[in-house]
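Trainee: As input, take protein01.txt (compact mmCIF, C-alpha atoms):
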# COMPACT_ATOMS: atom_id res chain seq x y z
CA MET A 16 45.95 45.75 30.66
CA ILE A 17 44.45 47.03 27.41
CA VAL A 18 40.66 46.65 27.32
CA VAL A 19 39.19 45.91 23.90
CA GLY A 20 35.47 46.23 23.21
CA LEU A 21 34.50 43.67 20.56
CA THR A 22 31.13 43.92 18.86
CA GLY A 23 29.27 43.25 15.62
CA GLY A 24 25.82 42.21 14.46
CA LEU A 25 23.89 38.98 14.73
CA ALA A 26 26.03 36.17 13.28
CA SER A 27 28.63 38.57 11.88
CA GLY A 28 31.35 36.39 13.40
CA LYS A 29 31.96 38.28 16.63
CA SER A 30 31.98 35.19 18.86
CA ALA A 31 34.37 33.38 16.51
CA ALA A 32 36.63 36.44 16.58
CA ALA A 33 36.50 36.46 20.39
CA LYS A 34 37.66 32.83 20.47
CA PHE A 35 40.56 33.66 18.17
CA PHE A 36 41.55 36.59 20.39
CA LYS A 37 41.59 34.16 23.30
CA LYS A 38 43.66 31.68 21.29
CA PHE A 39 46.27 34.41 20.71
CA GLY A 40 46.51 35.13 24.43
CA ALA A 41 43.79 37.63 25.35
CA ALA A 42 41.60 37.29 28.42
CA LEU A 43 37.90 37.19 27.50
CA TYR A 44 34.64 38.44 28.97
CA ASP A 45 31.47 37.21 27.21
CA ALA A 46 28.41 39.40 27.85
CA ASP A 47 26.08 36.74 26.41
CA GLU A 48 27.42 34.19 28.90
CA SER A 49 26.90 36.71 31.69
CA ALA A 50 23.29 37.23 30.54
CA ARG A 51 22.71 33.46 30.50
CA ARG A 52 24.00 33.21 34.08
CA ALA A 53 21.72 36.08 35.08
CA VAL A 54 18.60 34.17 34.00
CA ARG A 55 19.60 30.81 35.45
CA LYS A 56 16.81 28.89 37.15
CA GLY A 57 15.91 30.31 40.55
CA SER A 58 17.78 33.63 40.19
CA PRO A 59 15.96 36.90 40.99
CA ILE A 60 15.95 37.85 37.30
CA TYR A 61 14.58 34.41 36.38
CA ARG A 62 11.73 34.91 38.83
CA ALA A 63 11.05 38.39 37.47
CA ILE A 64 10.95 37.09 33.88
CA VAL A 65 8.48 34.35 34.83
CA LYS A 66 6.32 36.88 36.67
CA ILE A 67 6.31 39.39 33.79
CA PHE A 68 6.14 37.07 30.79
CA GLY A 69 4.48 33.97 32.23
CA LYS A 70 5.22 30.28 32.77
CA GLU A 71 4.61 29.53 29.09
CA PHE A 72 8.20 30.68 28.50
CA LEU A 73 9.62 27.84 30.60
CA ARG A 74 10.93 24.53 29.32
CA ALA A 75 9.92 21.20 30.84
CA ASP A 76 12.87 21.45 33.25
CA ARG A 77 11.64 24.91 34.35
CA SER A 78 14.55 26.74 32.73
CA ILE A 79 13.74 29.70 30.49
CA ASP A 80 13.05 28.86 26.85
CA ARG A 81 15.38 31.50 25.42
CA LYS A 82 14.32 30.98 21.79
CA LYS A 83 10.63 31.28 22.61
CA LEU A 84 11.28 34.37 24.71
CA ALA A 85 13.38 35.86 21.90
CA LEU A 86 10.52 35.38 19.45
CA ARG A 87 8.28 37.31 21.84
CA VAL A 88 10.56 40.23 22.72
CA PHE A 89 12.02 40.81 19.26
CA SER A 90 8.46 41.09 17.95
CA ASN A 91 7.49 43.58 20.65
CA PRO A 92 9.79 46.56 21.40
CA ALA A 93 8.12 47.25 24.76
CA ASP A 94 8.79 43.68 25.92
CA LEU A 95 12.39 43.90 24.70
CA ARG A 96 12.88 47.05 26.79
CA LYS A 97 11.48 45.26 29.86
CA LEU A 98 13.83 42.32 29.38
CA ASN A 99 16.84 44.59 28.86
CA ILE A 100 16.00 46.56 32.02
CA LEU A 101 16.09 43.28 33.96
CA ILE A 102 19.28 41.84 32.48
CA HIS A 103 21.60 44.71 31.49
CA PRO A 104 22.47 46.17 34.92
CA GLY A 105 23.83 42.85 36.17
CA VAL A 106 25.81 42.27 32.97
CA ILE A 107 27.35 45.75 33.17
CA PHE A 108 28.22 45.29 36.86
CA GLU A 109 29.94 41.96 36.17
CA CYS A 110 31.79 43.56 33.27
CA LEU A 111 33.03 46.40 35.49
CA LYS A 112 34.35 43.89 38.04
CA LYS A 113 36.19 42.04 35.27
CA ILE A 114 37.77 45.28 34.03
CA GLU A 115 38.79 46.37 37.52
CA ALA A 116 40.52 43.05 38.19
CA ALA A 117 42.18 43.02 34.77
CA ARG A 118 43.62 46.53 35.04
CA LYS A 119 46.09 45.22 37.63
CA ARG A 120 47.73 42.88 35.10
CA PRO A 121 49.51 43.28 31.75
CA GLY A 122 48.02 41.98 28.52
CA ILE A 123 44.75 42.37 26.62
CA LEU A 124 41.21 41.88 27.89
CA VAL A 125 38.55 41.46 25.20
CA LEU A 126 34.96 42.30 26.14
CA ASP A 127 32.64 40.42 23.76
CA ILE A 128 29.56 42.68 23.92
CA PRO A 129 26.86 42.55 21.21
CA LEU A 130 25.34 45.92 22.23
CA LEU A 131 28.61 47.71 23.00
CA PHE A 132 27.63 50.97 21.29
CA GLU A 133 23.88 50.71 21.86
CA SER A 134 24.42 50.46 25.63
CA ARG A 135 27.18 53.13 25.65
CA MET A 136 29.69 50.64 27.03
CA GLU A 137 32.36 51.78 24.57
CA HIS A 138 33.31 54.36 27.22
CA LEU A 139 34.61 51.51 29.40
CA VAL A 140 37.23 50.35 26.89
CA ASP A 141 40.48 51.56 25.35
CA VAL A 142 39.92 50.16 21.85
CA THR A 143 36.80 49.21 19.89
CA VAL A 144 36.64 46.47 17.24
CA VAL A 145 33.68 45.71 14.98
CA VAL A 146 33.39 42.38 13.18
CA SER A 147 31.36 43.09 10.05
CA SER A 148 29.83 40.92 7.36
CA ARG A 149 27.32 41.15 4.54
CA THR A 150 23.71 40.79 5.68
CA GLU A 151 23.11 37.67 3.59
CA ASN A 152 26.13 35.97 5.17
CA CYS A 153 24.85 36.90 8.64
CA LEU A 154 21.42 35.45 7.86
CA ARG A 155 22.99 32.26 6.53
CA ARG A 156 25.13 31.82 9.65
CA ALA A 157 22.17 32.56 11.90
CA SER A 158 20.19 29.84 10.13
CA ARG A 159 22.99 27.34 10.79
CA LYS A 160 22.68 28.25 14.49
CA GLY A 161 18.96 27.45 14.42
CA ILE A 162 17.75 31.05 14.19
CA GLY A 163 15.13 31.32 11.47
CA ARG A 164 15.37 34.04 8.84
CA GLY A 165 12.33 35.88 10.20
CA LEU A 166 13.62 36.03 13.77
CA ALA A 167 17.13 36.92 12.56
CA LYS A 168 15.78 39.91 10.64
CA LYS A 169 13.83 41.06 13.70
CA ILE A 170 16.95 40.81 15.88
CA LEU A 171 19.00 42.73 13.32
CA SER A 172 16.33 45.45 13.19
CA THR A 173 16.81 46.10 16.94
CA GLN A 174 20.58 46.50 16.61
CA TRP A 175 22.49 49.42 15.16
CA SER A 176 23.48 48.72 11.57
CA LEU A 177 26.98 47.43 10.94
CA PRO A 178 27.94 50.51 8.85
CA ARG A 179 26.95 52.73 11.80
CA LYS A 180 29.07 50.65 14.17
CA GLU A 181 31.98 50.63 11.71
CA ARG A 182 32.03 54.44 11.71
CA LEU A 183 32.48 54.44 15.50
CA ALA A 184 35.06 51.67 15.72
CA ASP A 185 38.83 51.96 15.99
CA PHE A 186 39.22 48.79 13.92
CA VAL A 187 36.89 46.95 11.52
CA VAL A 188 37.38 43.27 10.67
CA ARG A 189 35.57 42.06 7.56
CA ASN A 190 34.32 38.51 7.90
CA ASP A 191 32.99 37.35 4.55
CA GLY A 192 35.53 34.59 4.01
CA SER A 193 36.59 31.38 5.72
CA PRO A 194 37.16 30.84 9.45
CA GLN A 195 40.86 30.54 8.65
CA ALA A 196 40.82 33.98 7.03
CA LEU A 197 39.12 35.44 10.10
CA GLU A 198 41.69 33.81 12.37
CA ARG A 199 44.52 35.33 10.33
CA LYS A 200 42.92 38.80 10.50
CA ILE A 201 42.44 38.56 14.27
CA GLY A 202 46.04 37.43 14.70
CA GLU A 203 47.25 40.46 12.75
CA LEU A 204 44.96 42.79 14.71
CA PHE A 205 46.09 41.29 18.03
CA LYS A 206 49.70 42.16 17.19
CA LYS A 207 48.71 45.63 15.99
CA ILE A 208 46.86 46.37 19.26
CA GLN A 209 49.82 45.12 21.30
CA GLU A 210 52.16 47.44 19.36
CA LYS A 211 49.90 50.50 19.31
CA TYR A 212 48.59 50.25 22.88
CA PRO A 213 51.36 48.78 25.04
CA SER A 214 49.97 47.63 28.39
Show the structure stored in the file as structure tokens.

Mentor:
Amino acid sequence: MIVVGLTGGLASGKSAAAKFFKKFGAALYDADESARRAVRKGSPIYRAIVKIFGKEFLRADRSIDRKKLALRVFSNPADLRKLNILIHPGVIFECLKKIEAARKRPGILVLDIPLLFESRMEHLVDVTVVVSSRTENCLRRASRKGIGRGLAKKILSTQWSLPRKERLADFVVRNDGSPQALERKIGELFKKIQEKYPS
């Protein structure tokens, strides 16, 4: 099994690329989904978040209001560090289990990890791919997802810049066109990875 680390910036198109990789036959691990499971209602991390940040970050159904919490932590670096300390170890552990299980099979496993380089997780993979896009396009896509321009800029400021990630990546996929163009590029890259890194 070839393990691919897929990353990018906020709304650069990384998640769309991950879905196309899956469509072409790759197995997929989504770090964001893992983080959402980690903070599910009643979990130890959920209880820690409520204790540290307060009940004002809960919705009416007692689940964590992720958007409200994001506004808080991305405006306060110390709070962001606290949240990352709570969530990241579990995400990394789940990722390691996924890799260990996948290594026993042929094919390609794509790890969709927003902070691949920032968290030094590139050392867990065989190949790194960055999905890159112009900042204005990222902000426009983020807005369509309900993330305001102000919050989007704060999130981007906490991530490594896309040019910095591009310099570290084995492959860079530009995503400034249509979804169909991105799908075509991922299809071509999927074949290239299969040829260059036979599992």

Trainee: To one decimal in Å, tell me the separation between atom CA of A:Ala93 and atom CA of A:Gly161.

Mentor: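 Result for atom CA of A:Ala93 versus atom CA of A:Gly161: 24.8 Å, one decimal.
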
Trainee: Using only C-alpha atoms for the distances, tell me which of A:Leu124, A:Gly23, A:Glu48, A:Lys66 is nearest to A:Leu183.

Mentor: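 Of the candidates, the smallest distance to A:Leu183 is held by A:Gly23.
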
Trainee: Just the residues within 12 Å of A:Gly69, please, counting only C-alpha atoms, with nothing from its chain fewer than 6 positions along; format it as a list in words.

Mentor: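 What passes the distance filter is Tyr61, Arg62, Ala63, Arg77, Ile79, Asp80, Lys83, Leu84 and Arg87 of chain A.
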
Trainee: Could you write out the selected residues, including C-alpha atoms, as a tab-separated table (two decimals), keeping the file's coordinate frame?

Mentor:
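Writing the result to out_36.tsv gives the following:
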chain	number	residue	atom	x	y	z
A	61	TYR	CA	14.58	34.41	36.38
A	62	ARG	CA	11.73	34.91	38.83
A	63	ALA	CA	11.05	38.39	37.47
A	77	ARG	CA	11.64	24.91	34.35
A	79	ILE	CA	13.74	29.70	30.49
A	80	ASP	CA	13.05	28.86	26.85
A	83	LYS	CA	10.63	31.28	22.61
A	84	LEU	CA	11.28	34.37	24.71
A	87	ARG	CA	8.28	37.31	21.84

Trainee: Please report the interatomic distance between atom CA of A:Arg81 and atom CA of A:Cys110 in Å with one decimal.

Mentor: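 Pair atom CA of A:Arg81 / atom CA of A:Cys110 returns 21.8 Å.
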
Trainee: Go through A:Arg199, A:Asp141, A:Glu181, A:Arg135 one by one, measure the shortest atom-to-atom distance of each to A:Arg118 using all atoms listed in the file, and give the residue with the smallest value.

Mentor: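 Among the listed residues, A:Asp141 lies closest to A:Arg118.
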
Trainee: Mind giving me the straight-line distance from atom CA of A:Arg164 to atom CA of A:Leu25 in Å, one decimal?

Mentor: 11.5 Å

Trainee: Of the candidates A:Arg96, A:Lys38, A:Lys29, A:Lys82, which one gets nearest to A:Thr173 if we count all atoms listed in the file?

Mentor: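 The closest residue to A:Thr173 is A:Arg96.
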
Trainee: Got a sec to check which residues sit within 12 Å of (27.1, 26.9, 9.8), counting all atoms listed in the file, and write them as a list in words?

Mentor: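 Checking each residue against the 12 Å limit leaves Ala26, Ser27, Gly28, Ala31, Asn152, Cys153, Leu154, Arg155, Arg156, Ala157, Ser158, Arg159, Lys160, Gly161, Ile162, Ser193 and Pro194 of chain A.
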